[in-house]
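Step one of this worksheet: look at the structure below.
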Amino acid sequence: MCQAIPRPVLQVSGDRAEVMYDGVPTWVTVQGIPDLAAGEYVVVYAGNALERLAAADAEEMLAFLSGLEQMLAEAVE
């Protein structure tokens with residue numbers, strides 16, 4: 001299952017960006033996001049960067065998802 005999750009941009013080359021994907025640098029396609037730069041966040045879905053996301057919003061969403069994963073893991077135990 002694919003999820004649209006914020007990913008930090010490591011570098012940009014043409015119409016591709018390298019993002020950190022669960023601890024692994026991964027290249028994704030970028031189209032329609034002008035002037036994207038390393039250090040920004042993008043929402044990635046199915047190997048495509050869909051939109052730029054403010055760092056504060058991205059970090060809030062990542063913290064929420066991390067907490068959700070932890071709650072689910074504890075519920076299974």
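How things are named: the first chain in the structure tokens is A, the next is B, and so on; residues count from 1 in each chain; ligands count from 1 in the order shown.
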- request: Per DSSP on the backbone, filter chain A down to the residues in alpha helix (DSSP H) and report them as a list in words.
  value: Ala55, Ala56, Asp57, Ala58, Glu59, Glu60, Met61, Leu62, Ala63, Phe64, Leu65, Ser66, Gly67, Leu68, Glu69, Gln70, Met71, Leu72, Ala73, Glu74, Ala75 and Val76 of chain A
Could those selected residues go to a file with N, CA and C atoms, as an mmCIF file, in the first residue's frame?
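Done, and the output landed in result-v1.cif:
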```cif
data_model
loop_
_atom_site.group_PDB
_atom_site.id
_atom_site.type_symbol
_atom_site.label_atom_id
_atom_site.label_comp_id
_atom_site.auth_asym_id
_atom_site.auth_seq_id
_atom_site.Cartn_x
_atom_site.Cartn_y
_atom_site.Cartn_z
ATOM 1 N N ALA A 55 8.135 22.899 6.445
ATOM 2 C CA ALA A 55 8.868 22.033 7.373
ATOM 3 C C ALA A 55 8.072 21.766 8.650
ATOM 4 N N ALA A 56 7.448 22.783 9.207
ATOM 5 C CA ALA A 56 6.681 22.601 10.448
ATOM 6 C C ALA A 56 5.523 21.632 10.239
ATOM 7 N N ASP A 57 4.829 21.749 9.114
ATOM 8 C CA ASP A 57 3.717 20.844 8.818
ATOM 9 C C ASP A 57 4.216 19.421 8.599
ATOM 10 N N ALA A 58 5.330 19.280 7.880
ATOM 11 C CA ALA A 58 5.897 17.955 7.617
ATOM 12 C C ALA A 58 6.321 17.282 8.917
ATOM 13 N N GLU A 59 7.009 18.029 9.770
ATOM 14 C CA GLU A 59 7.481 17.457 11.028
ATOM 15 C C GLU A 59 6.322 17.077 11.948
ATOM 16 N N GLU A 60 5.258 17.878 11.930
ATOM 17 C CA GLU A 60 4.062 17.554 12.724
ATOM 18 C C GLU A 60 3.425 16.266 12.218
ATOM 19 N N MET A 61 3.309 16.121 10.901
ATOM 20 C CA MET A 61 2.712 14.916 10.330
ATOM 21 C C MET A 61 3.581 13.683 10.610
ATOM 22 N N LEU A 62 4.897 13.831 10.494
ATOM 23 C CA LEU A 62 5.793 12.706 10.764
ATOM 24 C C LEU A 62 5.734 12.290 12.229
ATOM 25 N N ALA A 63 5.633 13.259 13.129
ATOM 26 C CA ALA A 63 5.515 12.940 14.558
ATOM 27 C C ALA A 63 4.208 12.205 14.831
ATOM 28 N N PHE A 64 3.117 12.641 14.200
ATOM 29 C CA PHE A 64 1.829 11.974 14.353
ATOM 30 C C PHE A 64 1.910 10.527 13.868
ATOM 31 N N LEU A 65 2.497 10.327 12.686
ATOM 32 C CA LEU A 65 2.599 8.971 12.129
ATOM 33 C C LEU A 65 3.478 8.077 12.992
ATOM 34 N N SER A 66 4.541 8.636 13.543
ATOM 35 C CA SER A 66 5.414 7.871 14.430
ATOM 36 C C SER A 66 4.659 7.448 15.691
ATOM 37 N N GLY A 67 3.890 8.367 16.265
ATOM 38 C CA GLY A 67 3.088 8.036 17.440
ATOM 39 C C GLY A 67 2.038 6.987 17.142
ATOM 40 N N LEU A 68 1.439 7.079 15.978
ATOM 41 C CA LEU A 68 0.435 6.098 15.563
ATOM 42 C C LEU A 68 1.062 4.711 15.423
ATOM 43 N N GLU A 69 2.237 4.648 14.797
ATOM 44 C CA GLU A 69 2.937 3.359 14.664
ATOM 45 C C GLU A 69 3.237 2.765 16.036
ATOM 46 N N GLN A 70 3.669 3.612 16.954
ATOM 47 C CA GLN A 70 3.990 3.137 18.302
ATOM 48 C C GLN A 70 2.745 2.601 19.005
ATOM 49 N N MET A 71 1.622 3.317 18.892
ATOM 50 C CA MET A 71 0.374 2.855 19.506
ATOM 51 C C MET A 71 -0.064 1.515 18.916
ATOM 52 N N LEU A 72 0.058 1.372 17.608
ATOM 53 C CA LEU A 72 -0.338 0.109 16.970
ATOM 54 C C LEU A 72 0.563 -1.036 17.426
ATOM 55 N N ALA A 73 1.869 -0.770 17.530
ATOM 56 C CA ALA A 73 2.797 -1.804 17.983
ATOM 57 C C ALA A 73 2.470 -2.240 19.404
ATOM 58 N N GLU A 74 2.145 -1.288 20.263
ATOM 59 C CA GLU A 74 1.811 -1.600 21.656
ATOM 60 C C GLU A 74 0.496 -2.373 21.743
ATOM 61 N N ALA A 75 -0.441 -2.074 20.866
ATOM 62 C CA ALA A 75 -1.734 -2.756 20.878
ATOM 63 C C ALA A 75 -1.601 -4.219 20.473
ATOM 64 N N VAL A 76 -0.620 -4.517 19.629
ATOM 65 C CA VAL A 76 -0.397 -5.881 19.166
ATOM 66 C C VAL A 76 0.280 -6.730 20.227
#
```
task: Write down as an MDAnalysis selection string the residues belonging to chain A that are assigned strand (DSSP E or B) by DSSP computed on the backbone.
output: chainID A and resid 5:13 16:21 24:30 41:45 48:53
How would the residues just chosen look if you wrote them out with C-alpha atoms as a JSON list (two decimals), in the first residue's frame?
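In the end it all went to selection10.json:
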```json
[["chain", "number", "residue", "atom", "x", "y", "z"],
["A", 5, "ILE", "CA", 4.15, 10.90, 3.34],
["A", 6, "PRO", "CA", 6.41, 13.95, 3.73],
["A", 7, "ARG", "CA", 10.02, 13.23, 2.83],
["A", 8, "PRO", "CA", 13.04, 15.52, 3.25],
["A", 9, "VAL", "CA", 14.79, 16.45, 0.00],
["A", 10, "LEU", "CA", 18.49, 15.57, -0.06],
["A", 11, "GLN", "CA", 19.28, 16.85, -3.55],
["A", 12, "VAL", "CA", 17.60, 17.81, -6.81],
["A", 13, "SER", "CA", 18.73, 16.90, -10.32],
["A", 16, "ARG", "CA", 14.18, 14.13, -10.03],
["A", 17, "ALA", "CA", 14.83, 14.59, -6.34],
["A", 18, "GLU", "CA", 16.61, 12.32, -3.91],
["A", 19, "VAL", "CA", 14.60, 12.04, -0.70],
["A", 20, "MET", "CA", 15.13, 10.15, 2.53],
["A", 21, "TYR", "CA", 12.65, 7.28, 2.45],
["A", 24, "VAL", "CA", 17.17, 5.03, 2.60],
["A", 25, "PRO", "CA", 18.04, 7.71, 0.01],
["A", 26, "THR", "CA", 15.59, 7.23, -2.87],
["A", 27, "TRP", "CA", 15.07, 9.07, -6.17],
["A", 28, "VAL", "CA", 11.55, 10.26, -6.99],
["A", 29, "THR", "CA", 10.09, 12.13, -9.95],
["A", 30, "VAL", "CA", 9.41, 15.84, -9.48],
["A", 41, "TYR", "CA", 10.00, 18.60, 2.33],
["A", 42, "VAL", "CA", 7.82, 17.08, -0.37],
["A", 43, "VAL", "CA", 4.81, 14.80, -0.12],
["A", 44, "VAL", "CA", 5.70, 11.58, -1.96],
["A", 45, "TYR", "CA", 3.23, 9.07, -3.34],
["A", 48, "ASN", "CA", 6.30, 10.96, -7.33],
["A", 49, "ALA", "CA", 6.75, 14.18, -5.40],
["A", 50, "LEU", "CA", 3.27, 15.70, -5.38],
["A", 51, "GLU", "CA", 3.75, 18.98, -3.52],
["A", 52, "ARG", "CA", 6.08, 21.02, -1.35],
["A", 53, "LEU", "CA", 5.22, 21.02, 2.35]]
```
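Pairwise distance (atom CA of A:Gly14, atom CA of A:Ala46) equals 18.8 Å.
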